[in-house]
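As structure tokens, the structure follows; a few thoughts come after it.
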Amino acid sequence: MKDNRLTRTWRNRPRPGTDPDAHYAERMGPPNGFSLLPWLLMGMGAFSHLFQGKTDNPWIGGAFLLAFNSLYIYVVFRAFDKRSRESRSTRLALVGLGLMTGVVSAWYGGPWLLFWPLLGLATGAVLRGPKVGRVMLALAVLAGVVAGVRDGWGAINVAYGTLLSGLVTSAILTLAETVKELRETRQELARTAVEKERLRFSRDLHDLLGHTLSVIVVKSEAARRLAPRDLEAALSQVNDIESVGRQALTEIREAVTGYREGSLNTELDGARSALSAAGIEPVVRQSGPPLEPQPESLLGWVVREAVTNVVRHSRDASRCTITVTGGSERVLLEIADDGRGVRSEQHGSGTGTSTAPTAVRTGTGLKGLTERLAAAGGSLTAGPGPRGGFLVKAELPVDTQLELTR
């Protein structure tokens, strides 16, 4: 394909979903010391005088040009990094640049006075903030005095050029640095938003599918057991499976679009159905005033995850008790079963024995819920119950306004 202008434009186009400003800024590149090098051409007049033999003591003038250009390049290239810009070596190099400019311009005059605006440009590149105005004003006055002695009324142009070059350079570089920081901040915020949404979706999907699949498996096993002796009861379980599947589809769509919110009463009804199908007696106790939507939504997630764990991991459990106790400031939720999901080991201790539970391994769902409750000012603990079995305890302030699912 012929590499014409249209082809080059197509190749360099910003990709979909990217920031056009960032794309073109990346192509242009950030400002650097090379952008300040062309201003050294202001010293060509002094170099011409030196080359033509119009300068006394040409060796001194040549040494000044070499030293000035070297220090200028050193200073302006270090001015674009904050750490090197504020280092002592950069400040000392700038001071040396000023002393050389003052001595040689006072000695030679003429085109050598144009090194004052170059000094102002280097000073503006290094200095940022409110102090640059005072420094540049003092530097412009000094340049005007020296130029006035050597060049009379031409000192006005030298002083004005020195002041303007420093202020404009400092303003432009400060603005470029601010734009760069804002762009980096915007990109960081975008990455944070993406990570937050990814975490929300993974938590919701885990909680939804984990519970739903567990209920479907339990009800399928119940239907298989009932089918040989009670076809009508088996069909009832199949109808429940269909209902659970349809509800799961709706919940997954809501989770994808970010509008999934748990309901405590809905989850309690689902818990009764799932526990009954697994042969576990559900006992639900509720007390206290109605809850706000946010804590009710989060407690609904806790009920869903805890009941799913009871159905899947409690061994030989016959009862699961869910207790919701609301108060004026905080609400407490407890889910306890009487199974053997947490094993204990006998450890010898002298002449007797003591029972100590092994370390409890919490899954992804409980870890995610612990983080959610902590962000909302609450807490979640899970471990062996005082009378055996497994106990999940969640506590939340009743007036939390944290957005929990998005």
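As shown in the structure tokens, the chain order sets the letters A, B, ...; within each chain, residues go from 1, and ligands are also counted from 1 in the order they appear.
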Nearby residues (only C-alpha atoms) at most 8 Å from Glu281 (chain A), same-chain spacing under 2 positions excluded, as a compact mmCIF listing (two decimals) with C-alpha atoms, in the first residue's frame:
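Okay, result.txt is ready:
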```
# COMPACT_ATOMS: atom_id res chain seq x y z
CA LEU A 275 -32.04 -24.99 53.85
CA SER A 276 -35.29 -26.95 53.71
CA GLY A 279 -32.75 -31.19 54.97
CA VAL A 283 -35.08 -20.93 62.22
CA SER A 318 -29.87 -30.38 61.22
CA ARG A 319 -30.66 -26.77 62.10
CA CYS A 320 -29.56 -23.30 61.02
```
Shell of 9 Å around region 64-72 of chain A, only C-alpha atoms, local chain residues under 2 positions omitted, as a PDB file with C-alpha atoms, in the first residue's frame:
```
ATOM      1  CA  LEU A  37      18.792  25.056  23.363  1.00  0.00           C
ATOM      2  CA  LEU A  40      21.809  29.939  22.642  1.00  0.00           C
ATOM      3  CA  GLY A  43      25.179  34.516  21.809  1.00  0.00           C
ATOM      4  CA  ALA A  46      29.456  37.704  20.884  1.00  0.00           C
ATOM      5  CA  PHE A  47      30.897  34.699  19.017  1.00  0.00           C
ATOM      6  CA  TRP A  59      41.088  33.651  25.178  1.00  0.00           C
ATOM      7  CA  ILE A  60      39.082  34.940  28.109  1.00  0.00           C
ATOM      8  CA  GLY A  61      36.048  35.521  25.893  1.00  0.00           C
ATOM      9  CA  GLY A  62      36.352  32.058  24.362  1.00  0.00           C
ATOM     10  CA  TYR A  74      23.584  21.565  32.348  1.00  0.00           C
ATOM     11  CA  VAL A  75      21.038  23.792  34.094  1.00  0.00           C
ATOM     12  CA  VAL A  76      18.230  23.654  31.532  1.00  0.00           C
ATOM     13  CA  PHE A  77      18.391  19.871  31.152  1.00  0.00           C
ATOM     14  CA  ALA A  93      25.532  26.066  38.556  1.00  0.00           C
ATOM     15  CA  LEU A  94      22.863  28.770  38.201  1.00  0.00           C
ATOM     16  CA  GLY A  96      27.947  30.511  38.661  1.00  0.00           C
ATOM     17  CA  LEU A  97      26.093  31.309  35.449  1.00  0.00           C
ATOM     18  CA  MET A 100      29.967  34.908  34.825  1.00  0.00           C
ATOM     19  CA  THR A 101      27.253  36.875  33.015  1.00  0.00           C
ATOM     20  CA  VAL A 104      31.824  39.438  31.288  1.00  0.00           C
ATOM     21  CA  PHE A 115      23.603  36.807  27.839  1.00  0.00           C
ATOM     22  CA  LEU A 118      19.733  33.795  28.499  1.00  0.00           C
ATOM     23  CA  LEU A 119      20.446  33.889  32.229  1.00  0.00           C
ATOM     24  CA  ALA A 122      17.727  29.525  32.712  1.00  0.00           C
TER      25      ALA A 122
END
```
message: Can you pull out the residues contacting Met136 (chain A)? Cut-off 7 Å, using only C-alpha atoms, and skip same-chain residues under 4 positions away; I want them as number ranges by chain.
response: A: 120, 132, 140, 163, 166
Atoms kept (C-alpha atoms) for selection, written as a PDB file, in the first residue's frame:
```pdb
ATOM      1  CA  GLY A 120      16.839  34.950  32.819  1.00  0.00           C
ATOM      2  CA  VAL A 132      10.263  33.624  40.720  1.00  0.00           C
ATOM      3  CA  ALA A 140      16.250  42.535  35.554  1.00  0.00           C
ATOM      4  CA  LEU A 163      12.494  39.901  33.016  1.00  0.00           C
ATOM      5  CA  GLY A 166      12.387  34.399  32.970  1.00  0.00           C
TER       6      GLY A 166
END
```
field: Distance of CA of Gly102 (chain A) from CA of Ala143 (chain A), expressed in Å to one decimal place
entry: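 That distance, rounded to one decimal, is 7.8 Å.
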query: Got a sec: who's within 12 Å of Arg150 (chain A), counting only C-alpha atoms, leaving out chain neighbours fewer than 3 positions off, as a list in words?
result: Gly102, Val104, Ser105, Ala106, Trp107, Tyr108, Gly109, Gly110, Pro111, Trp112, Leu113, Ala143, Gly144, Val145, Val146, Ala147, Trp153, Gly154, Ala155 and Val158 of chain A
message: DSSP on the backbone: which residues in region 209-336 of chain A end up as strand (DSSP E or B)? Give the answer as a PyMOL selection string.
response: chain A and resi 281-287+319-326+330-336
Residues just named, written with N, CA and C atoms as a short mmCIF file (atom, residue, chain, number, x, y, z; two decimals), in the first residue's frame:
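As a result, again-v3.cif now contains:
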```cif
data_model
loop_
_atom_site.label_atom_id
_atom_site.label_comp_id
_atom_site.auth_asym_id
_atom_site.auth_seq_id
_atom_site.Cartn_x
_atom_site.Cartn_y
_atom_site.Cartn_z
N GLU A 281 -33.24 -27.63 59.08
CA GLU A 281 -34.38 -26.85 59.58
C GLU A 281 -33.98 -25.38 59.70
N PRO A 282 -34.68 -24.47 58.99
CA PRO A 282 -34.38 -23.05 59.13
C PRO A 282 -35.15 -22.43 60.29
N VAL A 283 -34.45 -21.66 61.12
CA VAL A 283 -35.08 -20.93 62.22
C VAL A 283 -34.69 -19.47 62.05
N VAL A 284 -35.67 -18.62 61.77
CA VAL A 284 -35.41 -17.20 61.50
C VAL A 284 -36.09 -16.37 62.57
N ARG A 285 -35.30 -15.49 63.19
CA ARG A 285 -35.83 -14.59 64.22
C ARG A 285 -35.44 -13.16 63.83
N GLN A 286 -36.43 -12.29 63.81
CA GLN A 286 -36.20 -10.89 63.47
C GLN A 286 -36.81 -10.00 64.55
N SER A 287 -36.10 -8.95 64.92
CA SER A 287 -36.60 -7.98 65.89
C SER A 287 -35.97 -6.63 65.59
N ARG A 319 -29.98 -28.04 61.85
CA ARG A 319 -30.66 -26.77 62.10
C ARG A 319 -29.71 -25.61 61.80
N CYS A 320 -30.29 -24.55 61.25
CA CYS A 320 -29.56 -23.30 61.02
C CYS A 320 -30.42 -22.16 61.55
N THR A 321 -29.86 -21.39 62.45
CA THR A 321 -30.59 -20.30 63.08
C THR A 321 -30.08 -18.96 62.56
N ILE A 322 -31.00 -18.14 62.08
CA ILE A 322 -30.66 -16.81 61.57
C ILE A 322 -31.36 -15.80 62.46
N THR A 323 -30.58 -14.95 63.09
CA THR A 323 -31.13 -13.98 64.05
C THR A 323 -30.74 -12.58 63.61
N VAL A 324 -31.74 -11.73 63.45
CA VAL A 324 -31.53 -10.32 63.10
C VAL A 324 -32.05 -9.49 64.26
N THR A 325 -31.14 -8.73 64.88
CA THR A 325 -31.50 -7.91 66.04
C THR A 325 -31.16 -6.45 65.73
N GLY A 326 -32.20 -5.64 65.57
CA GLY A 326 -31.99 -4.23 65.25
C GLY A 326 -32.08 -3.36 66.49
N ARG A 330 -27.18 0.28 65.93
CA ARG A 330 -26.53 -0.79 65.18
C ARG A 330 -27.47 -1.98 65.06
N VAL A 331 -27.22 -2.80 64.04
CA VAL A 331 -28.01 -4.00 63.81
C VAL A 331 -27.05 -5.18 63.79
N LEU A 332 -27.48 -6.27 64.41
CA LEU A 332 -26.65 -7.47 64.54
C LEU A 332 -27.31 -8.63 63.82
N LEU A 333 -26.52 -9.35 63.02
CA LEU A 333 -26.99 -10.53 62.29
C LEU A 333 -26.11 -11.71 62.68
N GLU A 334 -26.74 -12.81 63.04
CA GLU A 334 -26.01 -14.03 63.40
C GLU A 334 -26.60 -15.20 62.63
N ILE A 335 -25.74 -16.00 62.02
CA ILE A 335 -26.13 -17.22 61.33
C ILE A 335 -25.32 -18.35 61.94
N ALA A 336 -25.99 -19.29 62.59
CA ALA A 336 -25.31 -20.38 63.29
C ALA A 336 -25.93 -21.71 62.88
#
```
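Between CA of Arg312 (chain A) and CA of Gly389 (chain A) there is a distance of 13.5 Å.
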Separation of CA of His313 (chain A) from CA of Gly210 (chain A) in Å: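 About the pair CA of Gly210 (chain A) and CA of His313 (chain A): they are 12.4 Å apart.
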task: Name all residues at most 9 Å from Val168 (chain A) (count only C-alpha atoms; drop same-chain ones fewer than 5 positions away) and give them as a list in words.
output: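 Returned residues: Leu121, Gly124, Leu163 and Leu173 of chain A.
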Find the residues near Ile280 (chain A): any atom within 12 Å, counting only C-alpha atoms, skip ones fewer than 6 places away on the same chain, and give them as a compact mmCIF listing (two decimals) with N, CA and C atoms, in the first residue's frame.
```txt
# COMPACT_ATOMS: atom_id res chain seq x y z
N VAL A 218 -28.70 -28.70 45.37
CA VAL A 218 -29.43 -29.29 46.49
C VAL A 218 -30.83 -29.72 46.04
N ALA A 271 -33.21 -18.32 51.83
CA ALA A 271 -32.48 -19.17 52.78
C ALA A 271 -33.38 -20.27 53.31
N ARG A 272 -34.63 -19.94 53.62
CA ARG A 272 -35.56 -20.98 54.10
C ARG A 272 -35.72 -22.09 53.07
N SER A 273 -35.87 -21.69 51.80
CA SER A 273 -36.08 -22.68 50.75
C SER A 273 -34.84 -23.54 50.55
N ALA A 274 -33.64 -22.91 50.53
CA ALA A 274 -32.42 -23.67 50.30
C ALA A 274 -32.12 -24.61 51.46
N VAL A 307 -25.56 -18.78 54.25
CA VAL A 307 -26.44 -19.92 54.03
C VAL A 307 -25.86 -20.84 52.95
N VAL A 310 -23.40 -22.95 54.64
CA VAL A 310 -24.05 -23.97 55.46
C VAL A 310 -24.49 -25.14 54.60
N VAL A 311 -25.11 -24.84 53.46
CA VAL A 311 -25.61 -25.90 52.57
C VAL A 311 -24.45 -26.72 52.00
N ARG A 312 -23.37 -26.05 51.68
CA ARG A 312 -22.28 -26.74 50.99
C ARG A 312 -21.28 -27.40 51.93
N SER A 314 -21.42 -27.46 55.78
CA SER A 314 -21.75 -27.98 57.12
C SER A 314 -22.00 -29.48 57.02
N ARG A 315 -21.39 -30.22 57.89
CA ARG A 315 -21.54 -31.68 57.85
C ARG A 315 -22.53 -32.13 58.92
N ASP A 316 -23.56 -32.83 58.47
CA ASP A 316 -24.58 -33.39 59.35
C ASP A 316 -25.33 -32.29 60.12
N ALA A 317 -25.47 -31.12 59.55
CA ALA A 317 -26.22 -30.07 60.23
C ALA A 317 -27.71 -30.36 60.12
N SER A 318 -28.43 -30.16 61.22
CA SER A 318 -29.87 -30.38 61.22
C SER A 318 -30.65 -29.07 61.42
N ARG A 319 -29.98 -28.04 61.85
CA ARG A 319 -30.66 -26.77 62.10
C ARG A 319 -29.71 -25.61 61.80
N CYS A 320 -30.29 -24.55 61.25
CA CYS A 320 -29.56 -23.30 61.02
C CYS A 320 -30.42 -22.16 61.55
N THR A 321 -29.86 -21.39 62.45
CA THR A 321 -30.59 -20.30 63.08
C THR A 321 -30.08 -18.96 62.56
N ALA A 336 -25.99 -19.29 62.59
CA ALA A 336 -25.31 -20.38 63.29
C ALA A 336 -25.93 -21.71 62.88
N ASP A 337 -25.09 -22.73 62.69
CA ASP A 337 -25.59 -24.08 62.42
C ASP A 337 -25.02 -25.04 63.46
N ASP A 338 -25.59 -26.24 63.51
CA ASP A 338 -25.15 -27.24 64.48
C ASP A 338 -24.41 -28.38 63.82
N GLY A 339 -23.82 -28.10 62.66
CA GLY A 339 -23.09 -29.16 61.95
C GLY A 339 -21.67 -29.33 62.47
```
message: Show me, as a list in words, the residues that have an atom within 10 Å of Pro31 (chain A) when counting only C-alpha atoms, minus same-chain residues fewer than 2 positions from it.
response: Met28, Gly29, Gly33, Phe34, Ser35, Leu36, Phe80, Ile172, Leu173, Ala176 and Glu177 of chain A
message: Taking only region 13-211 of chain A into account, list the residues labelled alpha helix (DSSP H) by DSSP (computed from the backbone), as an NGL selection string.
response: :A and (20-28 or 44-51 or 58-78 or 82-85 or 88-108 or 115-126 or 131-151 or 155-211)
